[in-house]
file final_18.pdb (PDB, C-alpha atoms)
ATOM      1  CA  MET A   8      -3.666   3.202 -18.225
ATOM      2  CA  PHE A   9      -3.962  -0.552 -17.735
ATOM      3  CA  VAL A  10      -2.395  -2.822 -20.355
ATOM      4  CA  PRO A  11      -2.999  -6.597 -20.095
ATOM      5  CA  CYS A  12      -0.123  -9.058 -20.370
ATOM      6  CA  ALA A  13       0.555 -10.369 -23.866
ATOM      7  CA  GLY A  14      -1.753 -13.239 -24.741
ATOM      8  CA  LEU A  15      -4.241 -12.461 -21.963
ATOM      9  CA  SER A  16      -7.691 -11.013 -22.411
ATOM     10  CA  PRO A  17      -8.454  -7.936 -20.297
ATOM     11  CA  PRO A  18      -9.407  -9.109 -16.780
ATOM     12  CA  HIS A  19     -12.579  -8.062 -15.008
ATOM     13  CA  PHE A  20     -11.961  -6.009 -11.859
ATOM     14  CA  ARG A  21     -15.578  -5.185 -11.075
ATOM     15  CA  ASP A  22     -16.404  -5.704  -7.360
ATOM     16  CA  CYS A  23     -12.780  -6.613  -6.565
ATOM     17  CA  THR A  24     -10.803  -5.136  -3.690
ATOM     18  CA  LEU A  25      -7.767  -3.211  -4.923
ATOM     19  CA  ILE A  26      -4.691  -3.005  -2.696
ATOM     20  CA  LEU A  27      -1.855  -0.642  -3.613
ATOM     21  CA  PRO A  28       1.077   1.008  -1.854
ATOM     22  CA  ALA A  29       2.035   4.615  -1.457
ATOM     23  CA  VAL A  30       5.708   5.289  -2.125
ATOM     24  CA  SER A  31       6.374   6.488   1.399
ATOM     25  CA  VAL A  32       8.942   6.426   4.194
ATOM     26  CA  GLY A  33      10.726   3.082   4.493
ATOM     27  CA  ASN A  34       8.876   1.709   1.437
ATOM     28  CA  VAL A  35       6.653  -0.078   3.952
ATOM     29  CA  GLY A  36       3.602  -0.187   1.686
ATOM     30  CA  GLN A  37       5.584  -1.686  -1.184
ATOM     31  CA  LEU A  38       7.172  -4.331   1.053
ATOM     32  CA  THR A  39       3.730  -5.188   2.428
ATOM     33  CA  VAL A  40       2.356  -5.641  -1.085
ATOM     34  CA  ASP A  41       5.314  -7.926  -1.847
ATOM     35  CA  LEU A  42       4.261 -10.179   1.039
ATOM     36  CA  ILE A  43       0.664 -10.301  -0.185
ATOM     37  CA  ILE A  44       1.571 -11.150  -3.791
ATOM     38  CA  SER A  45       4.120 -13.766  -2.779
ATOM     39  CA  THR A  46       1.945 -15.453  -0.141
ATOM     40  CA  MET A  47      -1.277 -15.477  -2.137
ATOM     41  CA  LYS A  48       0.564 -16.616  -5.297
ATOM     42  CA  MET A  49      -1.167 -13.901  -7.263
ATOM     43  CA  VAL A  50      -0.963 -13.945 -11.044
ATOM     44  CA  LYS A  51       0.337 -10.979 -12.995
ATOM     45  CA  VAL A  52      -2.390  -9.891 -15.410
ATOM     46  CA  GLY A  53      -1.042  -6.628 -16.736
ATOM     47  CA  TYR A  54       0.802  -3.366 -16.370
ATOM     48  CA  PHE A  55      -0.188   0.094 -15.214
ATOM     49  CA  TYR A  56       1.374   2.184 -17.949
ATOM     50  CA  THR A  57       2.159   5.793 -17.091
ATOM     51  CA  ASP A  58       4.915   8.286 -17.826
ATOM     52  CA  CYS A  59       4.626   9.620 -14.270
ATOM     53  CA  LEU A  60       6.879   6.958 -12.721
ATOM     54  CA  VAL A  61      10.642   6.633 -12.985
ATOM     55  CA  PRO A  62      11.260   3.934 -15.639
ATOM     56  CA  MET A  63      12.757   0.677 -14.395
ATOM     57  CA  ALA A  64      13.001  -2.969 -15.400
ATOM     58  CA  GLY A  65      14.332  -6.047 -13.645
ATOM     59  CA  ASN A  66      13.853  -9.720 -12.928
ATOM     60  CA  ASP A  67      10.625 -11.152 -11.541
ATOM     61  CA  PRO A  68      10.886 -10.515  -7.766
ATOM     62  CA  TYR A  69       8.632 -13.491  -6.980
ATOM     63  CA  ALA A  70      10.347 -16.115  -9.163
ATOM     64  CA  GLU A  71      11.537 -19.275  -7.423
ATOM     65  CA  PRO A  72      15.309 -19.968  -7.420
ATOM     66  CA  GLY A  73      16.338 -21.618 -10.677
ATOM     67  CA  ALA A  74      13.084 -20.779 -12.434
ATOM     68  CA  ASN A  75      12.927 -18.768 -15.633
ATOM     69  CA  SER A  76      12.491 -15.153 -14.611
ATOM     70  CA  LYS A  77      10.237 -12.836 -16.589
ATOM     71  CA  LEU A  78      10.780  -9.124 -16.922
ATOM     72  CA  SER A  79       9.176  -6.829 -14.354
ATOM     73  CA  ILE A  80       8.634  -3.085 -14.681
ATOM     74  CA  ASN A  81       7.714  -0.138 -12.467
ATOM     75  CA  ALA A  82       3.957  -0.736 -12.043
ATOM     76  CA  GLU A  83       2.259  -4.111 -12.404
ATOM     77  CA  VAL A  84      -1.201  -5.497 -11.645
ATOM     78  CA  TYR A  85      -1.829  -8.884 -10.025
ATOM     79  CA  LEU A  86      -5.129 -10.697  -9.579
ATOM     80  CA  LEU A  87      -6.596 -13.480  -7.442
ATOM     81  CA  PRO A  88     -10.076 -14.042  -8.935
ATOM     82  CA  ASP A  89     -11.233 -16.527  -6.280
ATOM     83  CA  LYS A  90     -10.911 -13.898  -3.571
ATOM     84  CA  LYS A  91     -11.830 -10.968  -5.829
ATOM     85  CA  LEU A  92      -8.500  -9.424  -4.896
ATOM     86  CA  ALA A  93      -6.385  -7.197  -7.139
ATOM     87  CA  VAL A  94      -3.043  -5.635  -6.323
ATOM     88  CA  LEU A  95      -1.166  -2.800  -8.000
ATOM     89  CA  GLN A  96       2.517  -2.931  -7.107
ATOM     90  CA  ILE A  97       4.497   0.286  -7.651
ATOM     91  CA  ARG A  98       8.274  -0.177  -7.727
ATOM     92  CA  SER A  99       9.658   3.279  -8.510
ATOM     93  CA  LEU A 100       9.328   6.904  -7.532
ATOM     94  CA  ILE A 101       6.822   9.342  -8.951
ATOM     95  CA  ILE A 102       8.612  11.831 -11.196
ATOM     96  CA  LYS A 103       8.839  15.305  -9.737
ATOM     97  CA  ASN A 104       5.925  17.558 -10.787
ATOM     98  CA  LYS A 105       3.932  14.592 -12.112
ATOM     99  CA  ALA A 106       2.235  13.502  -8.888
ATOM    100  CA  LYS A 107      -1.032  15.250  -9.771
ATOM    101  CA  SER A 108      -1.127  13.632 -13.207
ATOM    102  CA  PHE A 109      -0.403  10.235 -11.659
ATOM    103  CA  ARG A 110      -3.239  10.596  -9.151
ATOM    104  CA  LYS A 111      -5.624  11.640 -11.911
ATOM    105  CA  THR A 112      -4.682   8.616 -14.045
ATOM    106  CA  LEU A 113      -4.959   6.273 -11.068
ATOM    107  CA  ILE A 114      -8.373   7.546  -9.972
ATOM    108  CA  SER A 115      -9.644   7.333 -13.559
ATOM    109  CA  TRP A 116      -8.597   3.672 -13.773
ATOM    110  CA  ILE A 117     -10.132   2.874 -10.367
ATOM    111  CA  LYS A 118     -13.481   4.361 -11.386
ATOM    112  CA  ARG A 119     -13.451   2.751 -14.827
ATOM    113  CA  SER A 120     -12.598  -0.683 -13.362
ATOM    114  CA  GLU A 121     -15.447  -0.443 -10.811
ATOM    115  CA  PHE A 122     -13.477  -1.757  -7.838
ATOM    116  CA  ALA A 123     -15.635  -2.420  -4.789
ATOM    117  CA  GLN A 124     -13.091  -0.798  -2.492
ATOM    118  CA  VAL A 125      -9.510   0.465  -2.540
ATOM    119  CA  ILE A 126      -6.980   0.004   0.261
ATOM    120  CA  LEU A 127      -3.889   2.205   0.246
ATOM    121  CA  LEU A 128      -0.960   0.961   2.349
ATOM    122  CA  SER A 129       1.284   3.745   3.561
ATOM    123  CA  SER A 130       3.642   4.977   6.282
ATOM    124  CA  SER A 131       4.563   8.192   8.032
ATOM    125  CA  HIS A 132       7.623   9.574   9.804
ATOM    126  CA  ALA A 133       7.700   8.357  13.404
ATOM    127  CA  TYR A 134       9.767  11.345  14.531
ATOM    128  CA  GLN A 135       7.044  13.809  13.500
ATOM    129  CA  ARG A 136       4.307  12.362  15.704
ATOM    130  CA  ASN A 137       2.645  14.659  18.217
ATOM    131  CA  ASP A 138       2.179  13.775  21.898
ATOM    132  CA  GLN A 139      -1.156  12.085  21.277
ATOM    133  CA  GLN A 140       0.264   9.899  18.508
ATOM    134  CA  LEU A 141       3.141   8.736  20.687
ATOM    135  CA  LEU A 142       0.708   6.775  22.840
ATOM    136  CA  GLY A 143      -0.470   3.261  22.026
ATOM    137  CA  THR A 144      -0.349   1.555  18.657
ATOM    138  CA  PRO A 145       1.807   2.891  15.781
ATOM    139  CA  PHE A 146      -0.930   1.987  13.271
ATOM    140  CA  ARG A 147      -3.612   4.355  11.989
ATOM    141  CA  TYR A 148      -6.448   4.290   9.455
ATOM    142  CA  LEU A 149      -8.470   6.757   7.386
ATOM    143  CA  LEU A 150     -11.737   6.218   5.512
ATOM    144  CA  THR A 151     -13.169   8.361   2.745
ATOM    145  CA  PRO A 152     -16.791   9.474   3.311
ATOM    146  CA  ALA A 153     -18.027   6.880   0.796
ATOM    147  CA  MET A 154     -16.084   4.144   2.608
ATOM    148  CA  GLN A 155     -17.418   5.172   6.011
ATOM    149  CA  SER A 156     -20.938   4.273   4.963
ATOM    150  CA  CYS A 157     -20.061   0.632   4.288
ATOM    151  CA  ALA A 158     -16.984  -0.238   6.378
ATOM    152  CA  GLU A 159     -17.086   1.954   9.480
ATOM    153  CA  ASP A 160     -18.846  -0.651  11.641
ATOM    154  CA  ALA A 161     -16.355  -3.376  10.687
ATOM    155  CA  ILE A 162     -13.405  -1.068  11.362
ATOM    156  CA  HIS A 163     -14.780   0.066  14.721
ATOM    157  CA  GLY A 164     -15.183  -3.573  15.697
ATOM    158  CA  LEU A 165     -11.421  -3.963  15.363
ATOM    159  CA  HIS A 166     -10.814  -1.118  17.855
ATOM    160  CA  TRP A 167      -8.361   0.601  15.531
ATOM    161  CA  LYS A 168      -7.254   4.203  15.950
ATOM    162  CA  GLU A 169      -8.202   6.742  13.316
ATOM    163  CA  MET A 170      -5.516   9.139  12.096
ATOM    164  CA  GLU A 171      -5.691  12.203  14.297
ATOM    165  CA  LYS A 172      -6.099  15.727  13.026
ATOM    166  CA  VAL A 173      -3.381  18.069  14.265
ATOM    167  CA  ALA A 174      -3.128  21.838  14.534
ATOM    168  CA  ALA A 175      -2.549  23.399  11.135
ATOM    169  CA  TYR A 176      -0.384  26.112  12.676
ATOM    170  CA  PRO A 177       1.049  24.846  16.012
ATOM    171  CA  GLY A 178       1.669  27.623  18.490
ATOM    172  CA  VAL A 179      -0.248  30.133  16.361
ATOM    173  CA  ASN A 180      -3.703  28.660  15.787
ATOM    174  CA  GLU A 181      -4.582  25.520  17.744
ATOM    175  CA  THR A 182      -8.264  25.493  16.746
ATOM    176  CA  GLU A 183      -7.834  24.873  13.022
ATOM    177  CA  LYS A 184      -6.946  21.207  12.596
ATOM    178  CA  ARG A 185      -6.152  19.068   9.578
ATOM    179  CA  ILE A 186      -4.776  15.667   8.639
ATOM    180  CA  ILE A 187      -1.027  15.660   8.089
ATOM    181  CA  ILE A 188       0.920  12.576   6.928
ATOM    182  CA  PRO A 189       4.619  13.561   6.775
ATOM    183  CA  GLY A 190       6.657  11.149   4.680
ATOM    184  CA  GLY A 191       3.480   9.655   3.227
ATOM    185  CA  GLY A 192       4.092  10.635  -0.405
ATOM    186  CA  ILE A 193       0.780  11.038  -2.246
ATOM    187  CA  THR A 194      -1.245   9.505   0.611
ATOM    188  CA  LYS A 195      -2.919  12.704   1.812
ATOM    189  CA  SER A 196      -3.595  14.158  -1.650
ATOM    190  CA  LEU A 197      -4.923  10.838  -2.999
ATOM    191  CA  TYR A 198      -7.190  10.558   0.046
ATOM    192  CA  SER A 199      -8.563  14.072  -0.516
ATOM    193  CA  GLU A 200      -9.182  13.551  -4.230
ATOM    194  CA  SER A 201     -10.708  10.101  -3.703
ATOM    195  CA  SER A 202     -13.047  11.598  -1.115
ATOM    196  CA  ALA A 203     -14.160  14.223  -3.623
ATOM    197  CA  GLU A 204     -14.689  11.547  -6.309
ATOM    198  CA  GLY A 205     -16.797   9.324  -4.036
ATOM    199  CA  ILE A 206     -14.315   6.434  -4.117
ATOM    200  CA  HIS A 207     -14.533   3.761  -1.419
ATOM    201  CA  MET A 208     -10.992   4.032  -0.052
ATOM    202  CA  ALA A 209      -9.333   3.035   3.206
ATOM    203  CA  ILE A 210      -5.825   4.075   4.145
ATOM    204  CA  LEU A 211      -3.817   1.909   6.540
ATOM    205  CA  LEU A 212      -0.477   3.284   7.686
ATOM    206  CA  LYS A 213       2.303   2.766  10.203
ATOM    207  CA  PHE A 214       4.569   5.294  11.870
ATOM    208  CA  CYS A 215       8.151   4.232  11.199
ATOM    209  CA  SER A 216      11.686   5.360  10.403
ATOM    210  CA  GLU A 217      13.976   4.696   7.463
ATOM    211  CA  GLY A 218      16.200   1.630   7.775
ATOM    212  CA  ASP A 219      15.485  -2.077   7.795
ATOM    213  CA  ASN A 220      11.701  -1.922   7.445
ATOM    214  CA  ILE A 221      10.955  -5.629   7.086
ATOM    215  CA  LEU A 222       9.323  -5.819  10.535
ATOM    216  CA  ASP A 223       7.255  -2.728   9.708
ATOM    217  CA  ALA A 224       5.963  -4.522   6.595
ATOM    218  CA  PHE A 225       5.034  -7.598   8.624
ATOM    219  CA  GLY A 226       3.271  -5.367  11.103
ATOM    220  CA  LEU A 227       1.273  -3.572   8.425
ATOM    221  CA  VAL A 228       0.289  -6.749   6.573
ATOM    222  CA  ASN A 229      -0.910  -8.312   9.826
ATOM    223  CA  TYR A 230      -2.838  -5.119  10.557
ATOM    224  CA  LEU A 231      -4.526  -5.426   7.162
ATOM    225  CA  ASN A 232      -5.128  -9.126   7.774
ATOM    226  CA  GLU A 233      -7.104  -8.381  10.926
ATOM    227  CA  TRP A 234      -9.688  -6.828   8.626
ATOM    228  CA  LEU A 235      -9.556  -8.803   5.362
ATOM    229  CA  GLN A 236      -8.560 -12.209   6.800
ATOM    230  CA  LEU A 237      -6.350 -13.043   3.827
ATOM    231  CA  VAL A 238      -4.483 -15.768   5.728
ATOM    232  CA  ASP A 239      -4.890 -17.526   9.071
ATOM    233  CA  GLN A 240      -3.155 -15.473  11.725
ATOM    234  CA  SER A 241      -1.625 -17.356  14.625
ATOM    235  CA  SER A 242      -1.359 -14.299  16.841
ATOM    236  CA  GLY A 243      -3.558 -11.330  17.549
ATOM    237  CA  ASP A 244      -0.436  -9.170  17.795
ATOM    238  CA  SER A 245      -0.216  -7.019  14.674
ATOM    239  CA  THR A 246       3.582  -6.817  15.102
ATOM    240  CA  ALA A 247       4.028 -10.588  15.020
ATOM    241  CA  THR A 248       5.762 -12.294  12.098
ATOM    242  CA  SER A 249       4.557 -15.774  13.072
ATOM    243  CA  THR A 250       1.965 -15.951  10.308
ATOM    244  CA  LYS A 251       1.967 -17.742   7.001
ATOM    245  CA  TRP A 252       3.385 -14.846   5.030
ATOM    246  CA  LYS A 253       5.926 -15.904   2.405
ATOM    247  CA  ILE A 254       8.980 -13.706   1.970
ATOM    248  CA  PRO A 255       9.850 -13.159  -1.730
ATOM    249  CA  ASN A 256      13.245 -14.469  -2.823
ATOM    250  CA  SER A 257      14.152 -10.987  -4.030
ATOM    251  CA  TRP A 258      14.295  -9.803  -0.413
ATOM    252  CA  ARG A 259      17.659 -11.533  -0.086
ATOM    253  CA  LEU A 260      19.048  -8.577  -2.041
ATOM    254  CA  LEU A 261      17.266  -5.783  -0.174
ATOM    255  CA  PHE A 262      20.620  -4.503   1.090
ATOM    256  CA  GLY A 263      22.754  -5.563  -1.858
ATOM    257  CA  SER A 264      24.536  -8.799  -2.616
ATOM    258  CA  GLY A 265      27.134  -8.575   0.145
ATOM    259  CA  LEU A 266      30.840  -7.914  -0.001
ATOM    260  CA  PRO A 267      32.912  -9.742  -2.622
ATOM    261  CA  PRO A 268      35.139 -12.412  -0.979
ATOM    262  CA  ALA A 269      38.071 -11.076  -3.022
ATOM    263  CA  LEU A 270      38.172  -8.038  -0.718
ATOM    264  CA  PHE A 271      39.441 -10.280   2.054
TER
END
call {"tool": "encode", "arguments": {"input": "final_18.pdb", "output": "structure tokens"}}
result
Amino acid sequence: MFVPCAGLSPPHFRDCTLILPAVSVGNVGQLTVDLIISTMKMVKVGYFYTDCLVPMAGNDPYAEPGANSKLSINAEVYLLPDKKLAVLQIRSLIIKNKAKSFRKTLISWIKRSEFAQVILLSSSHAYQRNDQQLLGTPFRYLLTPAMQSCAEDAIHGLHWKEMEKVAAYPGVNETEKRIIIPGGGITKSLYSESSAEGIHMAILLKFCSEGDNILDAFGLVNYLNEWLQLVDQSSGDSTATSTKWKIPNSWRLLFGSGLPPALF
């Protein structure tokens, strides 16, 4: 459930766009959300409390050097009222066997908050693409039936590629096809349940591999920006990093703090 920050009245999310990440391969969705929060200078308004995520606590990842850092936990909500933009950042894994409960809690909050639309940022294993997916752009999108009725024209105008359906049983039955998102975490199941609940949801994802996924995050945030126009983009290339995205200071420690000089 949503719990507002101490001293703040519960915010109004009605008609806002909600952006959230899937915990997926390369943590691309989470890194992308970091760029959005940092660049847009979004304000933390509360926490998404659930026992379905691995507990964690740490310093504020968006604090400026030398500034007093506030405590951050595993799931926090940020808001930019002027743009009617809300973001749920998820910083830890879903506990094994609690994914269904987490999806149920999340969908309940989305419906209760009356968000205008939900955008899930995700990723999928590049090595498990089929021949068709190897061609062209590494980005894909999916729209729930409810979302298709209001956003399909805008999406088609961007000339994006929809996530392809693949054979459910390759080599055995090539006629039965379904959507498969390997490495996508709860992406597929959340999409299916949101479709059944009539939620306006779009999924944007990138095929990638584990490693240094900073460029994948820049690519995905630029892909999103083609649609939402959150910032001015200086290039039409969705892989470009030459935009006004601000890298959080916490990214300096993405791969640890380096080797101690005493070792040498």
call {"tool": "atom_distance", "arguments": {"input": "final_18.pdb", "atom1": "CA of Glu217 in chain A", "atom2": "CA of Val32 in chain A"}}
result
6.2 Å
call {"tool": "residues_around", "arguments": {"input": "final_18.pdb", "residues": "range 41-48 of chain A", "least_positions_apart": "6", "cutoff": "6 Å", "atoms": "all atoms listed in the file", "output": "MDAnalysis selection string"}}
result
chainID A and resid 252:255
call {"tool": "resolve_selection", "arguments": {"input": "final_18.pdb", "expression": "the PyMOL selection byres ((chain A and resi 144) around 12)", "output": "PDB file with C-alpha atoms, in the coordinates of the input"}}
result
ATOM      1  CA  ALA A 133       7.700   8.357  13.404  1.00  0.00           C
ATOM      2  CA  GLN A 139      -1.156  12.085  21.277  1.00  0.00           C
ATOM      3  CA  GLN A 140       0.264   9.899  18.508  1.00  0.00           C
ATOM      4  CA  LEU A 141       3.141   8.736  20.687  1.00  0.00           C
ATOM      5  CA  LEU A 142       0.708   6.775  22.840  1.00  0.00           C
ATOM      6  CA  GLY A 143      -0.470   3.261  22.026  1.00  0.00           C
ATOM      7  CA  PRO A 145       1.807   2.891  15.781  1.00  0.00           C
ATOM      8  CA  PHE A 146      -0.930   1.987  13.271  1.00  0.00           C
ATOM      9  CA  ARG A 147      -3.612   4.355  11.989  1.00  0.00           C
ATOM     10  CA  TYR A 148      -6.448   4.290   9.455  1.00  0.00           C
ATOM     11  CA  HIS A 166     -10.814  -1.118  17.855  1.00  0.00           C
ATOM     12  CA  TRP A 167      -8.361   0.601  15.531  1.00  0.00           C
ATOM     13  CA  LYS A 168      -7.254   4.203  15.950  1.00  0.00           C
ATOM     14  CA  GLU A 169      -8.202   6.742  13.316  1.00  0.00           C
ATOM     15  CA  MET A 170      -5.516   9.139  12.096  1.00  0.00           C
ATOM     16  CA  LEU A 212      -0.477   3.284   7.686  1.00  0.00           C
ATOM     17  CA  LYS A 213       2.303   2.766  10.203  1.00  0.00           C
ATOM     18  CA  PHE A 214       4.569   5.294  11.870  1.00  0.00           C
ATOM     19  CA  CYS A 215       8.151   4.232  11.199  1.00  0.00           C
ATOM     20  CA  GLY A 226       3.271  -5.367  11.103  1.00  0.00           C
ATOM     21  CA  LEU A 227       1.273  -3.572   8.425  1.00  0.00           C
ATOM     22  CA  TYR A 230      -2.838  -5.119  10.557  1.00  0.00           C
ATOM     23  CA  ASP A 244      -0.436  -9.170  17.795  1.00  0.00           C
ATOM     24  CA  SER A 245      -0.216  -7.019  14.674  1.00  0.00           C
ATOM     25  CA  THR A 246       3.582  -6.817  15.102  1.00  0.00           C
TER      26      THR A 246
END
call {"tool": "closest_residue", "arguments": {"input": "final_18.pdb", "among": "A:Glu181, A:Glu121, A:Lys111, A:Thr151", "to": "Ala203 in chain A", "atoms": "all atoms listed in the file"}}
result
A:Thr151
call {"tool": "residues_around", "arguments": {"input": "final_18.pdb", "residues": "His163 in chain A", "least_positions_apart": "6", "cutoff": "12 Å", "atoms": "all atoms listed in the file", "output": "PyMOL selection string"}}
result
chain A and resi 148-150+155+157+169+234
call {"tool": "write_last_selection", "arguments": {"input": "final_18.pdb", "atoms": "C-alpha atoms", "output": "mmCIF file, in the frame of the given file"}}
result
data_model
loop_
_atom_site.group_PDB
_atom_site.id
_atom_site.type_symbol
_atom_site.label_atom_id
_atom_site.label_comp_id
_atom_site.auth_asym_id
_atom_site.auth_seq_id
_atom_site.Cartn_x
_atom_site.Cartn_y
_atom_site.Cartn_z
ATOM 1 C CA TYR A 148 -6.448 4.290 9.455
ATOM 2 C CA LEU A 149 -8.470 6.757 7.386
ATOM 3 C CA LEU A 150 -11.737 6.218 5.512
ATOM 4 C CA GLN A 155 -17.418 5.172 6.011
ATOM 5 C CA CYS A 157 -20.061 0.632 4.288
ATOM 6 C CA GLU A 169 -8.202 6.742 13.316
ATOM 7 C CA TRP A 234 -9.688 -6.828 8.626
#
call {"tool": "residues_near_point", "arguments": {"input": "final_18.pdb", "point": "(2.4, 15.0, -3.9)", "cutoff": "10 Å", "atoms": "all atoms listed in the file", "output": "JSON, numbers by chain"}}
result
{"A": [101, 103, 104, 105, 106, 107, 109, 110, 191, 192, 193, 194, 195, 196, 197]}
call {"tool": "atom_distance", "arguments": {"input": "final_18.pdb", "atom1": "CA of Thr24 in chain A", "atom2": "CA of Leu92 in chain A"}}
result
5.0 Å
call {"tool": "atom_distance", "arguments": {"input": "final_18.pdb", "atom1": "CA of Ala29 in chain A", "atom2": "CA of Leu100 in chain A"}}
result
9.8 Å
call {"tool": "resolve_selection", "arguments": {"input": "final_18.pdb", "expression": "the PyMOL selection byres ((chain A and resi 77) around 8)", "output": "list in words"}}
result
Asn66, Asp67, Asn75, Ser76, Leu78 and Ser79 of chain A
call {"tool": "write_last_selection", "arguments": {"input": "final_18.pdb", "atoms": "C-alpha atoms", "output": "mmCIF file, in the coordinates of the input"}}
result
data_model
loop_
_atom_site.group_PDB
_atom_site.id
_atom_site.type_symbol
_atom_site.label_atom_id
_atom_site.label_comp_id
_atom_site.auth_asym_id
_atom_site.auth_seq_id
_atom_site.Cartn_x
_atom_site.Cartn_y
_atom_site.Cartn_z
ATOM 1 C CA ASN A 66 13.853 -9.720 -12.928
ATOM 2 C CA ASP A 67 10.625 -11.152 -11.541
ATOM 3 C CA ASN A 75 12.927 -18.768 -15.633
ATOM 4 C CA SER A 76 12.491 -15.153 -14.611
ATOM 5 C CA LEU A 78 10.780 -9.124 -16.922
ATOM 6 C CA SER A 79 9.176 -6.829 -14.354
#
call {"tool": "closest_residue", "arguments": {"input": "final_18.pdb", "among": "A:Ala70, A:Met154, A:Ala175, A:Ile210", "to": "Ser257 in chain A", "atoms": "only C-alpha atoms"}}
result
A:Ala70
call {"tool": "resolve_selection", "arguments": {"input": "final_18.pdb", "expression": "the PyMOL selection byres ((chain A and resi 172-174) around 9)", "output": "ChimeraX atom specification"}}
result
/A:137,170-171,175-187
call {"tool": "closest_residue", "arguments": {"input": "final_18.pdb", "among": "A:Thr57, A:Ser108, A:Ser130, A:Ser115", "to": "Ile188 in chain A", "atoms": "all atoms listed in the file"}}
result
A:Ser130
call {"tool": "residues_near_point", "arguments": {"input": "final_18.pdb", "point": "(5.6, 1.0, -7.3)", "cutoff": "8 Å", "atoms": "all atoms listed in the file", "output": "MDAnalysis selection string"}}
result
chainID A and resid 28:30 37 81:83 95:100
call {"tool": "axis_aligned_box", "arguments": {"input": "final_18.pdb", "around": "range 157-165 of chain A", "padding_each_side": "4 Å", "output": "lines of an AutoDock Vina configuration file"}}
result
center_x = -15.7
center_y = -1.0
center_z = 10.0
size_x = 16.6
size_y = 13.9
size_z = 19.4
call {"tool": "residues_around", "arguments": {"input": "final_18.pdb", "residues": "Lys91 in chain A", "least_positions_apart": "5", "cutoff": "10 Å", "atoms": "all atoms listed in the file", "output": "PyMOL selection string"}}
result
chain A and resi 19-25+86+122-123
call {"tool": "closest_residue", "arguments": {"input": "final_18.pdb", "among": "A:Val238, A:Leu270, A:Leu128, A:Leu260", "to": "Tyr198 in chain A", "atoms": "only C-alpha atoms"}}
result
A:Leu128
call {"tool": "closest_residue", "arguments": {"input": "final_18.pdb", "among": "A:Tyr85, A:Phe225, A:Tyr56, A:Phe262", "to": "Pro18 in chain A", "atoms": "all atoms listed in the file"}}
result
A:Tyr85
call {"tool": "closest_residue", "arguments": {"input": "final_18.pdb", "among": "A:Ala158, A:Val52, A:Leu27, A:Val35", "to": "Cys12 in chain A", "atoms": "only C-alpha atoms"}}
result
A:Val52
call {"tool": "decode", "arguments": {"input": "final_18.pdb", "residues": "range 148-161 of chain A", "atoms": "N, CA and C atoms", "output": "mmCIF file, in the first residue's frame"}}
result
data_model
loop_
_atom_site.group_PDB
_atom_site.id
_atom_site.type_symbol
_atom_site.label_atom_id
_atom_site.label_comp_id
_atom_site.auth_asym_id
_atom_site.auth_seq_id
_atom_site.Cartn_x
_atom_site.Cartn_y
_atom_site.Cartn_z
ATOM 1 N N TYR A 148 7.379 -2.522 -27.907
ATOM 2 C CA TYR A 148 6.315 -2.013 -27.040
ATOM 3 C C TYR A 148 5.149 -2.999 -27.030
ATOM 4 N N LEU A 149 4.332 -2.881 -25.983
ATOM 5 C CA LEU A 149 3.085 -3.637 -25.864
ATOM 6 C C LEU A 149 2.038 -2.713 -25.265
ATOM 7 N N LEU A 150 0.800 -2.820 -25.719
ATOM 8 C CA LEU A 150 -0.298 -2.040 -25.168
ATOM 9 C C LEU A 150 -1.408 -2.989 -24.719
ATOM 10 N N THR A 151 -1.962 -2.723 -23.542
ATOM 11 C CA THR A 151 -3.134 -3.483 -23.124
ATOM 12 C C THR A 151 -4.315 -3.059 -23.998
ATOM 13 N N PRO A 152 -5.356 -3.889 -24.090
ATOM 14 C CA PRO A 152 -6.523 -3.516 -24.910
ATOM 15 C C PRO A 152 -7.091 -2.155 -24.562
ATOM 16 N N ALA A 153 -7.157 -1.824 -23.259
ATOM 17 C CA ALA A 153 -7.685 -0.516 -22.853
ATOM 18 C C ALA A 153 -6.791 0.614 -23.350
ATOM 19 N N MET A 154 -5.477 0.379 -23.367
ATOM 20 C CA MET A 154 -4.529 1.404 -23.804
ATOM 21 C C MET A 154 -4.578 1.587 -25.320
ATOM 22 N N GLN A 155 -4.856 0.520 -26.037
ATOM 23 C CA GLN A 155 -4.909 0.596 -27.495
ATOM 24 C C GLN A 155 -5.959 1.589 -27.966
ATOM 25 N N SER A 156 -7.046 1.684 -27.235
ATOM 26 C CA SER A 156 -8.138 2.557 -27.648
ATOM 27 C C SER A 156 -7.797 4.033 -27.557
ATOM 28 N N CYS A 157 -6.791 4.389 -26.752
ATOM 29 C CA CYS A 157 -6.487 5.814 -26.577
ATOM 30 C C CYS A 157 -5.080 6.207 -27.008
ATOM 31 N N ALA A 158 -4.175 5.246 -27.180
ATOM 32 C CA ALA A 158 -2.783 5.603 -27.484
ATOM 33 C C ALA A 158 -2.237 4.959 -28.748
ATOM 34 N N GLU A 159 -3.022 4.093 -29.379
ATOM 35 C CA GLU A 159 -2.505 3.342 -30.525
ATOM 36 C C GLU A 159 -2.106 4.267 -31.676
ATOM 37 N N ASP A 160 -2.906 5.295 -31.943
ATOM 38 C CA ASP A 160 -2.590 6.204 -33.047
ATOM 39 C C ASP A 160 -1.280 6.941 -32.794
ATOM 40 N N ALA A 161 -1.092 7.415 -31.554
ATOM 41 C CA ALA A 161 0.140 8.131 -31.210
ATOM 42 C C ALA A 161 1.348 7.212 -31.323
#
